[in-house]
$ cat run_19.tsv   # TSV, C-alpha atoms
chain	number	residue	atom	x	y	z
A	215	MET	CA	66.38	57.51	139.65
A	216	GLY	CA	68.05	56.97	143.01
A	217	THR	CA	66.63	60.05	144.72
A	218	SER	CA	64.64	59.40	147.89
A	219	TRP	CA	60.97	60.36	148.03
A	220	ASN	CA	58.62	61.16	150.88
A	221	PRO	CA	55.01	60.62	149.73
A	222	ALA	CA	53.60	62.96	152.40
A	223	VAL	CA	55.90	65.82	151.37
A	224	TYR	CA	55.28	65.30	147.67
A	225	GLN	CA	51.51	65.27	148.19
A	226	ARG	CA	51.57	68.60	150.05
A	227	TYR	CA	50.52	70.36	146.84
A	228	ALA	CA	48.58	67.45	145.38
A	229	ASP	CA	45.99	69.59	143.56
A	230	GLU	CA	48.62	71.72	141.81
A	231	ARG	CA	50.74	68.70	140.90
A	232	SER	CA	47.82	66.62	139.60
A	233	ARG	CA	46.31	69.20	137.26
A	234	PRO	CA	48.93	68.68	134.50
A	235	PHE	CA	48.31	64.92	134.67
A	236	TYR	CA	44.62	65.30	133.92
A	237	GLU	CA	45.24	67.84	131.17
A	238	MET	CA	47.74	65.48	129.56
A	239	VAL	CA	45.46	62.44	129.78
A	240	GLY	CA	42.61	64.53	128.40
A	241	ARG	CA	44.49	64.79	125.10
A	242	VAL	CA	44.94	61.01	124.74
A	243	ARG	CA	42.57	59.95	121.96
A	244	HIS	CA	42.17	56.23	122.59
A	245	ASP	CA	38.70	54.87	123.26
A	246	SER	CA	39.40	51.30	124.36
A	247	PRO	CA	43.01	50.44	125.19
A	248	ALA	CA	43.61	46.96	126.57
A	249	THR	CA	46.81	47.88	128.41
A	250	VAL	CA	47.82	51.20	129.98
A	251	VAL	CA	51.10	51.98	131.78
A	252	ASP	CA	51.89	55.01	133.97
A	253	LEU	CA	55.66	55.56	134.26
A	254	GLY	CA	56.85	57.27	137.43
A	255	CYS	CA	53.41	56.87	139.00
A	256	GLY	CA	54.33	57.76	142.59
A	257	THR	CA	51.82	56.24	144.98
A	258	GLY	CA	49.39	55.53	142.15
A	259	VAL	CA	46.71	57.97	143.29
A	260	GLN	CA	46.50	59.54	139.84
A	261	THR	CA	47.02	56.19	138.11
A	262	ALA	CA	43.85	54.95	139.79
A	263	THR	CA	41.81	57.61	138.00
A	264	LEU	CA	42.74	56.03	134.67
A	265	ALA	CA	40.38	53.19	135.56
A	266	GLU	CA	37.51	55.66	135.33
A	267	ARG	CA	38.62	56.71	131.86
A	268	TRP	CA	39.29	53.15	130.66
A	269	PRO	CA	37.35	50.72	132.89
A	270	GLU	CA	38.11	47.69	130.69
A	271	ALA	CA	41.87	48.26	130.56
A	272	THR	CA	44.58	46.55	132.57
A	273	ILE	CA	46.49	49.47	134.15
A	274	THR	CA	49.99	49.30	135.64
A	275	GLY	CA	51.80	52.04	137.50
A	276	ILE	CA	55.59	51.79	137.73
A	277	ASP	CA	57.79	53.76	140.14
A	278	SER	CA	61.38	53.30	141.28
A	279	SER	CA	60.81	54.56	144.84
A	280	PRO	CA	59.99	51.85	147.40
A	281	ASP	CA	58.49	54.52	149.67
A	282	MET	CA	56.12	55.66	146.93
A	283	VAL	CA	55.10	52.12	146.00
A	284	GLU	CA	54.57	51.17	149.64
A	285	GLY	CA	52.43	54.31	150.05
A	286	GLN	CA	49.91	53.21	147.41
A	287	PRO	CA	46.24	53.39	148.41
A	288	VAL	CA	44.73	50.21	149.79
A	289	ASP	CA	41.56	50.77	147.75
A	290	LEU	CA	43.05	50.77	144.23
A	291	PRO	CA	40.58	49.57	141.57
A	292	SER	CA	40.92	45.87	140.76
A	293	THR	CA	42.25	46.71	137.29
A	294	VAL	CA	45.11	48.87	138.66
A	295	THR	CA	48.46	47.56	139.93
A	296	VAL	CA	51.36	49.65	141.24
A	297	VAL	CA	54.79	48.00	141.13
A	298	ARG	CA	58.38	48.99	141.67
A	299	GLY	CA	60.52	49.27	138.56
A	300	ASP	CA	63.02	51.39	136.66
A	301	ILE	CA	61.69	53.52	133.82
A	302	ALA	CA	64.89	52.85	131.89
A	303	ASP	CA	64.04	49.12	131.84
A	304	PHE	CA	60.47	49.55	130.60
A	305	ASP	CA	59.47	47.79	127.39
A	306	ALA	CA	56.33	49.15	125.71
A	307	SER	CA	55.70	46.05	123.61
A	308	GLY	CA	52.06	45.02	123.82
A	309	THR	CA	51.04	48.34	125.41
A	310	ASP	CA	48.32	50.59	124.00
A	311	VAL	CA	48.80	53.73	126.12
A	312	VAL	CA	51.90	54.92	127.97
A	313	VAL	CA	51.71	58.06	130.12
A	314	SER	CA	54.31	59.72	132.31
A	315	ASN	CA	53.73	62.74	134.51
A	316	ALA	CA	56.74	64.73	135.79
A	317	ALA	CA	59.10	61.76	135.85
A	318	LEU	CA	61.21	61.62	132.68
A	319	GLN	CA	63.30	64.63	133.76
A	320	TRP	CA	64.88	62.27	136.33
A	321	VAL	CA	65.94	59.84	133.59
A	322	PRO	CA	68.96	61.26	131.71
A	323	GLN	CA	68.57	58.75	128.84
A	324	HIS	CA	64.85	59.40	128.31
A	325	ARG	CA	65.52	60.99	124.91
A	326	ASP	CA	66.80	57.61	123.71
A	327	LEU	CA	63.96	55.70	125.34
A	328	ILE	CA	61.13	57.70	123.74
A	329	PRO	CA	61.74	56.53	120.13
A	330	ARG	CA	62.20	52.97	121.40
A	331	TRP	CA	58.83	53.08	123.16
A	332	ALA	CA	57.22	54.64	120.09
A	333	GLU	CA	58.42	51.71	117.99
A	334	GLN	CA	57.28	49.13	120.55
A	335	LEU	CA	53.78	50.57	121.01
A	336	GLU	CA	50.83	48.67	119.62
A	337	PRO	CA	49.36	50.09	116.37
A	338	GLY	CA	47.00	52.94	117.27
A	339	GLY	CA	48.77	53.32	120.59
A	340	THR	CA	49.62	56.58	122.35
A	341	LEU	CA	52.70	57.82	124.17
A	342	ALA	CA	52.12	60.89	126.36
A	343	TRP	CA	54.36	62.66	128.84
A	344	GLN	CA	54.72	65.88	130.79
A	345	VAL	CA	57.93	67.26	132.24
A	346	PRO	CA	58.69	70.48	134.12
A	347	GLY	CA	60.17	73.25	132.01
A	348	ASN	CA	61.14	75.53	134.88
A	349	PHE	CA	64.83	74.69	135.31
A	350	ASP	CA	65.69	78.29	134.45
A	351	ALA	CA	63.20	79.71	136.97
A	352	PRO	CA	64.54	81.46	140.10
A	353	SER	CA	63.62	78.46	142.26
A	354	HIS	CA	66.10	76.25	140.40
A	355	VAL	CA	68.68	78.85	139.39
A	356	LEU	CA	69.12	79.97	143.00
A	357	MET	CA	69.42	76.38	144.14
A	358	ARG	CA	72.20	75.69	141.63
A	359	GLN	CA	73.99	78.95	142.39
A	360	LEU	CA	74.02	78.19	146.10
A	361	ALA	CA	75.17	74.63	145.48
A	362	ASP	CA	78.01	75.98	143.30
A	363	SER	CA	79.13	78.54	145.90
A	364	PRO	CA	82.54	78.09	147.60
A	365	GLU	CA	80.89	76.88	150.79
A	366	TRP	CA	78.84	74.13	149.20
A	367	ALA	CA	80.57	73.18	145.93
A	368	PRO	CA	82.96	70.67	147.60
A	369	LEU	CA	79.92	68.71	148.79
A	370	LEU	CA	77.41	69.33	146.00
A	371	ALA	CA	79.42	69.52	142.78
A	372	GLY	CA	77.54	67.73	140.01
A	373	VAL	CA	74.54	66.86	142.20
A	374	LEU	CA	72.06	69.16	140.45
A	375	ARG	CA	71.27	69.16	136.75
A	376	GLY	CA	70.21	72.24	134.82
A	377	GLY	CA	68.08	72.99	131.78
A	378	ASP	CA	69.63	70.03	129.97
A	379	SER	CA	67.35	67.77	132.01
A	380	VAL	CA	64.58	68.25	129.43
A	381	ASP	CA	64.07	69.40	125.84
A	382	THR	CA	61.68	72.04	124.54
A	383	ALA	CA	58.25	71.10	123.25
A	384	VAL	CA	59.47	71.69	119.69
A	385	GLN	CA	62.49	69.42	120.17
A	386	TYR	CA	60.37	66.63	121.64
A	387	ALA	CA	57.75	67.02	118.91
A	388	SER	CA	60.40	66.85	116.20
A	389	ALA	CA	61.95	63.72	117.71
A	390	LEU	CA	58.56	62.03	117.98
A	391	GLN	CA	57.59	62.98	114.43
A	392	ALA	CA	60.75	61.25	113.26
A	393	THR	CA	59.34	57.99	114.64
A	394	GLY	CA	56.21	58.38	112.49
A	395	LEU	CA	53.80	59.33	115.28
A	396	ASP	CA	51.20	62.08	114.96
A	397	VAL	CA	52.20	64.72	117.50
A	398	ASP	CA	50.31	67.09	119.79
A	399	ALA	CA	52.73	69.19	121.87
A	400	TRP	CA	52.31	72.32	123.97
A	401	GLU	CA	53.62	74.28	126.93
A	402	THR	CA	51.68	75.76	129.85
A	403	SER	CA	52.82	78.13	132.59
A	404	TYR	CA	50.78	77.70	135.75
A	405	VAL	CA	50.75	80.51	138.30
A	406	HIS	CA	50.15	78.77	141.61
A	407	VAL	CA	49.04	80.79	144.61
A	408	LEU	CA	50.82	79.06	147.50
A	409	GLN	CA	49.89	79.61	151.12
A	410	GLY	CA	51.86	79.41	154.35
A	411	GLU	CA	55.42	80.16	155.39
A	412	ASP	CA	58.18	79.50	152.83
A	413	PRO	CA	55.76	77.76	150.44
A	414	VAL	CA	58.16	77.61	147.47
A	415	LEU	CA	60.74	75.91	149.68
A	416	LYS	CA	58.12	73.38	150.74
A	417	TRP	CA	57.22	72.79	147.08
A	418	VAL	CA	60.79	72.06	145.95
A	419	THR	CA	61.50	70.00	149.06
A	420	GLY	CA	59.20	67.38	147.54
A	421	THR	CA	60.89	67.49	144.13
A	422	GLY	CA	63.93	69.40	142.87
A	423	LEU	CA	65.69	69.80	146.22
A	424	ARG	CA	65.71	66.06	146.94
A	425	PRO	CA	69.19	65.37	145.48
A	426	VAL	CA	70.72	68.03	147.76
A	427	LEU	CA	68.88	66.76	150.83
A	428	ASP	CA	70.05	63.22	150.10
A	429	VAL	CA	73.73	64.21	149.89
A	430	LEU	CA	74.01	66.51	152.92
A	431	ASP	CA	74.20	65.06	156.43
A	432	ASP	CA	71.93	66.00	159.32
A	433	GLU	CA	74.31	68.72	160.49
A	434	ARG	CA	74.80	70.51	157.16
A	435	ARG	CA	71.32	70.06	155.70
A	436	PRO	CA	69.50	72.67	157.86
A	437	LYS	CA	72.14	75.32	157.10
A	438	PHE	CA	71.80	74.89	153.33
A	439	VAL	CA	68.01	74.91	153.57
A	440	GLU	CA	67.96	78.15	155.57
A	441	GLN	CA	70.31	79.91	153.14
A	442	TYR	CA	68.24	78.73	150.21
A	443	ALA	CA	64.98	79.72	151.95
A	444	ALA	CA	66.26	83.28	152.41
A	445	LEU	CA	67.00	83.52	148.68
A	446	LEU	CA	63.54	82.19	147.82
A	447	ARG	CA	61.81	84.70	150.10
A	448	GLU	CA	63.41	87.52	148.12
A	449	ALA	CA	62.67	85.98	144.73
A	450	TYR	CA	59.09	85.02	145.61
A	451	PRO	CA	57.73	87.66	148.01
A	452	SER	CA	54.78	86.71	150.18
A	453	THR	CA	51.56	88.73	150.08
A	454	ALA	CA	48.38	88.71	152.12
A	455	SER	CA	46.79	86.61	149.38
A	456	GLY	CA	49.64	84.12	149.11
A	457	THR	CA	52.87	83.63	147.20
A	458	LEU	CA	52.74	83.60	143.39
A	459	PHE	CA	54.79	80.73	141.98
A	460	SER	CA	55.06	80.41	138.20
A	461	PHE	CA	55.68	76.89	136.94
A	462	ARG	CA	56.16	76.05	133.25
A	463	ARG	CA	55.41	72.54	132.02
A	464	ILE	CA	55.98	70.78	128.68
A	465	PHE	CA	53.45	68.31	127.25
A	466	VAL	CA	53.79	65.86	124.37
A	467	VAL	CA	51.22	63.37	123.09
A	468	GLY	CA	52.04	61.10	120.15
A	469	ARG	CA	49.68	58.65	118.44
A	470	LYS	CA	50.87	55.71	116.38
A	471	SER	CA	48.90	55.19	113.20
$ encode --input "run_19.tsv" --output "structure tokens"
Amino acid sequence: MGTSWNPAVYQRYADERSRPFYEMVGRVRHDSPATVVDLGCGTGVQTATLAERWPEATITGIDSSPDMVEGQPVDLPSTVTVVRGDIADFDASGTDVVVSNAALQWVPQHRDLIPRWAEQLEPGGTLAWQVPGNFDAPSHVLMRQLADSPEWAPLLAGVLRGGDSVDTAVQYASALQATGLDVDAWETSYVHVLQGEDPVLKWVTGTGLRPVLDVLDDERRPKFVEQYAALLREAYPSTASGTLFSFRRIFVVGRKS
């Protein structure tokens, strides 16, 4: 997960981005975990809310971005710690609850890590994650098509991943069942009403567009962004009430008996 992150940009749509986290955590059926870990926690703003759900638990948020970790709130609850670390190196041994919100899609080997974490979990423990399922939406398809165009392919070949970044809810559920966990999996498509100029561009600037922005230099970056913005304006027309942006997400919650 070497992509750079700007906490301020990512938090631009904090309400829309946080809703899936709370809906995922709401399906975790564990009354009194001793240890809780949030993988890919960002600044830890959402991680901190886990202390309200489980006030007696020791809660750790892990994120690979130094900017995100340095941007953590100064008033985190005493039971919550946010540290820098690589999801791929995480060991779930001794952990009761592991959650991950919109992070595993950045970890190509996460399909191999999930059964390992399931095995390492404490008895009665829960593994829950949410990943975006919108890689085939216009926002991402247009980005890949532009990156693959003759003008940009020499610079951006192989930078963006496609739908292979994540599995379907059924595929994840099947894989988790194979580990012996009881599975609760579902998909939700949110229709966000975004305000302002080029709101879809601003949304992806904090997430999916980051690999492109990291590769291009200061001279080329604005040109790509403007070409991409023009494509997004056509795909997501603005109205007086805002721009409708559909976003599909995949949820999986597994409980170890």
$ closest_residue --input "run_19.tsv" --among "A:Gln334, A:Gly347, A:Gln319, A:Val311" --to "Ser379 of chain A" --atoms "only C-alpha atoms"
A:Gln319
$ closest_residue --input "run_19.tsv" --among "A:Ser452, A:Gln344, A:Thr419, A:Thr295" --to "Ala317 of chain A" --atoms "all atoms listed in the file"
A:Gln344
$ closest_residue --input "run_19.tsv" --among "A:Val239, A:Val312, A:Leu445, A:Ile464" --to "Thr382 of chain A" --atoms "only C-alpha atoms"
A:Ile464
$ residues_near_point --input "run_19.tsv" --point "(53.0, 53.6, 145.0)" --cutoff "8 Å" --atoms "only C-alpha atoms" --output "ChimeraX atom specification"
/A:255-259,275-277,279-287,296-298
$ residues_near_point --input "run_19.tsv" --point "(52.5, 74.0, 138.8)" --cutoff "7 Å" --atoms "all atoms listed in the file" --output "list in words"
Glu230, Arg231, Tyr404, Val405, His406, Ser460, Phe461 and Arg462 of chain A
$ write_last_selection --input "run_19.tsv" --atoms "C-alpha atoms" --output "compact mmCIF listing (two decimals), keeping the file's coordinate frame"
# COMPACT_ATOMS: atom_id res chain seq x y z
CA GLU A 230 48.62 71.72 141.81
CA ARG A 231 50.74 68.70 140.90
CA TYR A 404 50.78 77.70 135.75
CA VAL A 405 50.75 80.51 138.30
CA HIS A 406 50.15 78.77 141.61
CA SER A 460 55.06 80.41 138.20
CA PHE A 461 55.68 76.89 136.94
CA ARG A 462 56.16 76.05 133.25
$ closest_residue --input "run_19.tsv" --among "A:Gln359, A:Pro352, A:Leu408, A:Gly468" --to "Ala389 of chain A" --atoms "only C-alpha atoms"
A:Gly468
$ residues_around --input "run_19.tsv" --residues "Val251 of chain A" --least-positions-apart "3" --cutoff "12 Å" --atoms "only C-alpha atoms" --output "JSON list (two decimals) with C-alpha atoms, keeping the file's coordinate frame"
[["chain", "number", "residue", "atom", "x", "y", "z"],
["A", 247, "PRO", "CA", 43.01, 50.44, 125.19],
["A", 248, "ALA", "CA", 43.61, 46.96, 126.57],
["A", 254, "GLY", "CA", 56.85, 57.27, 137.43],
["A", 255, "CYS", "CA", 53.41, 56.87, 139.00],
["A", 258, "GLY", "CA", 49.39, 55.53, 142.15],
["A", 260, "GLN", "CA", 46.50, 59.54, 139.84],
["A", 261, "THR", "CA", 47.02, 56.19, 138.11],
["A", 262, "ALA", "CA", 43.85, 54.95, 139.79],
["A", 264, "LEU", "CA", 42.74, 56.03, 134.67],
["A", 265, "ALA", "CA", 40.38, 53.19, 135.56],
["A", 268, "TRP", "CA", 39.29, 53.15, 130.66],
["A", 271, "ALA", "CA", 41.87, 48.26, 130.56],
["A", 272, "THR", "CA", 44.58, 46.55, 132.57],
["A", 273, "ILE", "CA", 46.49, 49.47, 134.15],
["A", 274, "THR", "CA", 49.99, 49.30, 135.64],
["A", 275, "GLY", "CA", 51.80, 52.04, 137.50],
["A", 276, "ILE", "CA", 55.59, 51.79, 137.73],
["A", 277, "ASP", "CA", 57.79, 53.76, 140.14],
["A", 293, "THR", "CA", 42.25, 46.71, 137.29],
["A", 294, "VAL", "CA", 45.11, 48.87, 138.66],
["A", 295, "THR", "CA", 48.46, 47.56, 139.93],
["A", 296, "VAL", "CA", 51.36, 49.65, 141.24],
["A", 297, "VAL", "CA", 54.79, 48.00, 141.13],
["A", 299, "GLY", "CA", 60.52, 49.27, 138.56],
["A", 301, "ILE", "CA", 61.69, 53.52, 133.82],
["A", 304, "PHE", "CA", 60.47, 49.55, 130.60],
["A", 305, "ASP", "CA", 59.47, 47.79, 127.39],
["A", 306, "ALA", "CA", 56.33, 49.15, 125.71],
["A", 307, "SER", "CA", 55.70, 46.05, 123.61],
["A", 308, "GLY", "CA", 52.06, 45.02, 123.82],
["A", 309, "THR", "CA", 51.04, 48.34, 125.41],
["A", 310, "ASP", "CA", 48.32, 50.59, 124.00],
["A", 311, "VAL", "CA", 48.80, 53.73, 126.12],
["A", 312, "VAL", "CA", 51.90, 54.92, 127.97],
["A", 313, "VAL", "CA", 51.71, 58.06, 130.12],
["A", 314, "SER", "CA", 54.31, 59.72, 132.31],
["A", 315, "ASN", "CA", 53.73, 62.74, 134.51],
["A", 331, "TRP", "CA", 58.83, 53.08, 123.16],
["A", 335, "LEU", "CA", 53.78, 50.57, 121.01],
["A", 339, "GLY", "CA", 48.77, 53.32, 120.59],
["A", 340, "THR", "CA", 49.62, 56.58, 122.35],
["A", 341, "LEU", "CA", 52.70, 57.82, 124.17],
["A", 342, "ALA", "CA", 52.12, 60.89, 126.36],
["A", 343, "TRP", "CA", 54.36, 62.66, 128.84]]
$ residues_around --input "run_19.tsv" --residues "Phe459 of chain A" --least-positions-apart "3" --cutoff "12 Å" --atoms "all atoms listed in the file" --output "ChimeraX atom specification"
/A:230,348,351-353,403-409,412-418,446-447,449-453,456,462
$ atom_distance --input "run_19.tsv" --atom1 "atom CA of Gly372 of chain A" --atom2 "atom CA of Phe349 of chain A"
15.2 Å
$ closest_residue --input "run_19.tsv" --among "A:Ser232, A:Gln441, A:Gln391, A:Thr457" --to "Arg469 of chain A" --atoms "only C-alpha atoms"
A:Gln391
$ residues_around --input "run_19.tsv" --residues "segment 374-377 of chain A" --least-positions-apart "2" --cutoff "9 Å" --atoms "all atoms listed in the file" --output "JSON, numbers by chain"
{"A": [347, 348, 349, 350, 354, 355, 357, 358, 361, 370, 371, 372, 379, 380, 381, 422, 423, 425, 426]}
$ write_last_selection --input "run_19.tsv" --atoms "C-alpha atoms" --output "short mmCIF file (atom, residue, chain, number, x, y, z; two decimals), in the frame of the given file"
data_model
loop_
_atom_site.label_atom_id
_atom_site.label_comp_id
_atom_site.auth_asym_id
_atom_site.auth_seq_id
_atom_site.Cartn_x
_atom_site.Cartn_y
_atom_site.Cartn_z
CA GLY A 347 60.17 73.25 132.01
CA ASN A 348 61.14 75.53 134.88
CA PHE A 349 64.83 74.69 135.31
CA ASP A 350 65.69 78.29 134.45
CA HIS A 354 66.10 76.25 140.40
CA VAL A 355 68.68 78.85 139.39
CA MET A 357 69.42 76.38 144.14
CA ARG A 358 72.20 75.69 141.63
CA ALA A 361 75.17 74.63 145.48
CA LEU A 370 77.41 69.33 146.00
CA ALA A 371 79.42 69.52 142.78
CA GLY A 372 77.54 67.73 140.01
CA SER A 379 67.35 67.77 132.01
CA VAL A 380 64.58 68.25 129.43
CA ASP A 381 64.07 69.40 125.84
CA GLY A 422 63.93 69.40 142.87
CA LEU A 423 65.69 69.80 146.22
CA PRO A 425 69.19 65.37 145.48
CA VAL A 426 70.72 68.03 147.76
#
$ atom_distance --input "run_19.tsv" --atom1 "atom CA of Val288 of chain A" --atom2 "atom CA of Thr263 of chain A"
14.2 Å
$ axis_aligned_box --input "run_19.tsv" --around "segment 428-445 of chain A" --padding-each-side "4 Å" --output "lines of an AutoDock Vina configuration file"
center_x = 69.9
center_y = 73.4
center_z = 154.6
size_x = 17.8
size_y = 28.3
size_z = 19.8
$ residues_around --input "run_19.tsv" --residues "Gln323 of chain A" --least-positions-apart "4" --cutoff "9 Å" --atoms "all atoms listed in the file" --output "list of chain:residue names"
A:Ala302, A:Leu318, A:Leu327
$ atom_distance --input "run_19.tsv" --atom1 "atom CA of Glu411 of chain A" --atom2 "atom CA of Leu427 of chain A"
19.5 Å
$ closest_residue --input "run_19.tsv" --among "A:Arg330, A:Thr402, A:Phe438, A:Arg241" --to "Ser363 of chain A" --atoms "only C-alpha atoms"
A:Phe438
$ residues_around --input "run_19.tsv" --residues "Gly240 of chain A" --least-positions-apart "2" --cutoff "12 Å" --atoms "all atoms listed in the file" --output "VMD selection string"
chain A and resid 233 to 238 242 to 245 263 to 264 267 313 342 to 343 398 465 to 467
$ write_last_selection --input "run_19.tsv" --atoms "C-alpha atoms" --output "short mmCIF file (atom, residue, chain, number, x, y, z; two decimals), in the frame of the given file"
data_model
loop_
_atom_site.label_atom_id
_atom_site.label_comp_id
_atom_site.auth_asym_id
_atom_site.auth_seq_id
_atom_site.Cartn_x
_atom_site.Cartn_y
_atom_site.Cartn_z
CA ARG A 233 46.31 69.20 137.26
CA PRO A 234 48.93 68.68 134.50
CA PHE A 235 48.31 64.92 134.67
CA TYR A 236 44.62 65.30 133.92
CA GLU A 237 45.24 67.84 131.17
CA MET A 238 47.74 65.48 129.56
CA VAL A 242 44.94 61.01 124.74
CA ARG A 243 42.57 59.95 121.96
CA HIS A 244 42.17 56.23 122.59
CA ASP A 245 38.70 54.87 123.26
CA THR A 263 41.81 57.61 138.00
CA LEU A 264 42.74 56.03 134.67
CA ARG A 267 38.62 56.71 131.86
CA VAL A 313 51.71 58.06 130.12
CA ALA A 342 52.12 60.89 126.36
CA TRP A 343 54.36 62.66 128.84
CA ASP A 398 50.31 67.09 119.79
CA PHE A 465 53.45 68.31 127.25
CA VAL A 466 53.79 65.86 124.37
CA VAL A 467 51.22 63.37 123.09
#
$ decode --input "run_19.tsv" --residues "segment 399-422 of chain A" --atoms "N, CA and C atoms" --output "tab-separated table (two decimals), in the first residue's frame"
chain	number	residue	atom	x	y	z
A	399	ALA	N	-22.99	-11.86	4.71
A	399	ALA	CA	-22.43	-11.07	3.62
A	399	ALA	C	-23.54	-10.39	2.84
A	400	TRP	N	-23.27	-9.19	2.36
A	400	TRP	CA	-24.28	-8.45	1.59
A	400	TRP	C	-23.61	-7.37	0.75
A	401	GLU	N	-24.38	-6.81	-0.16
A	401	GLU	CA	-23.93	-5.69	-0.98
A	401	GLU	C	-24.93	-4.55	-0.88
A	402	THR	N	-24.44	-3.33	-0.90
A	402	THR	CA	-25.29	-2.15	-0.86
A	402	THR	C	-24.81	-1.14	-1.89
A	403	SER	N	-25.74	-0.59	-2.66
A	403	SER	CA	-25.41	0.51	-3.57
A	403	SER	C	-25.95	1.81	-2.98
A	404	TYR	N	-25.05	2.69	-2.64
A	404	TYR	CA	-25.41	4.00	-2.10
A	404	TYR	C	-25.51	4.99	-3.26
A	405	VAL	N	-26.54	5.81	-3.26
A	405	VAL	CA	-26.64	6.89	-4.24
A	405	VAL	C	-26.38	8.19	-3.49
A	406	HIS	N	-25.15	8.67	-3.61
A	406	HIS	CA	-24.75	9.90	-2.93
A	406	HIS	C	-25.15	11.11	-3.77
A	407	VAL	N	-25.65	12.12	-3.12
A	407	VAL	CA	-25.96	13.39	-3.79
A	407	VAL	C	-24.82	14.35	-3.46
A	408	LEU	N	-23.91	14.53	-4.41
A	408	LEU	CA	-22.71	15.33	-4.18
A	408	LEU	C	-22.91	16.76	-4.66
A	409	GLN	N	-22.39	17.69	-3.91
A	409	GLN	CA	-22.56	19.11	-4.23
A	409	GLN	C	-21.24	19.70	-4.73
A	410	GLY	N	-21.36	20.84	-5.40
A	410	GLY	CA	-20.18	21.57	-5.83
A	410	GLY	C	-19.76	21.24	-7.24
A	411	GLU	N	-18.67	21.86	-7.67
A	411	GLU	CA	-18.15	21.68	-9.02
A	411	GLU	C	-17.29	20.43	-9.08
A	412	ASP	N	-17.50	19.63	-10.11
A	412	ASP	CA	-16.74	18.39	-10.32
A	412	ASP	C	-16.67	17.54	-9.05
A	413	PRO	N	-17.80	17.22	-8.44
A	413	PRO	CA	-17.76	16.52	-7.15
A	413	PRO	C	-17.26	15.07	-7.26
A	414	VAL	N	-17.55	14.39	-8.37
A	414	VAL	CA	-17.07	13.01	-8.51
A	414	VAL	C	-15.55	13.00	-8.63
A	415	LEU	N	-15.00	13.97	-9.34
A	415	LEU	CA	-13.55	14.10	-9.43
A	415	LEU	C	-12.95	14.30	-8.04
A	416	LYS	N	-13.57	15.17	-7.25
A	416	LYS	CA	-13.06	15.42	-5.90
A	416	LYS	C	-13.15	14.15	-5.05
A	417	TRP	N	-14.21	13.37	-5.25
A	417	TRP	CA	-14.35	12.11	-4.50
A	417	TRP	C	-13.19	11.17	-4.83
A	418	VAL	N	-12.95	10.91	-6.11
A	418	VAL	CA	-11.93	9.92	-6.48
A	418	VAL	C	-10.52	10.45	-6.26
A	419	THR	N	-10.37	11.77	-6.17
A	419	THR	CA	-9.05	12.32	-5.88
A	419	THR	C	-8.55	11.85	-4.52
A	420	GLY	N	-9.48	11.59	-3.61
A	420	GLY	CA	-9.10	11.10	-2.29
A	420	GLY	C	-8.93	9.60	-2.21
A	421	THR	N	-9.24	8.89	-3.32
A	421	THR	CA	-9.17	7.42	-3.26
A	421	THR	C	-8.58	6.85	-4.55
A	422	GLY	N	-9.44	6.46	-5.49
A	422	GLY	CA	-9.01	5.69	-6.65
A	422	GLY	C	-8.04	6.37	-7.58
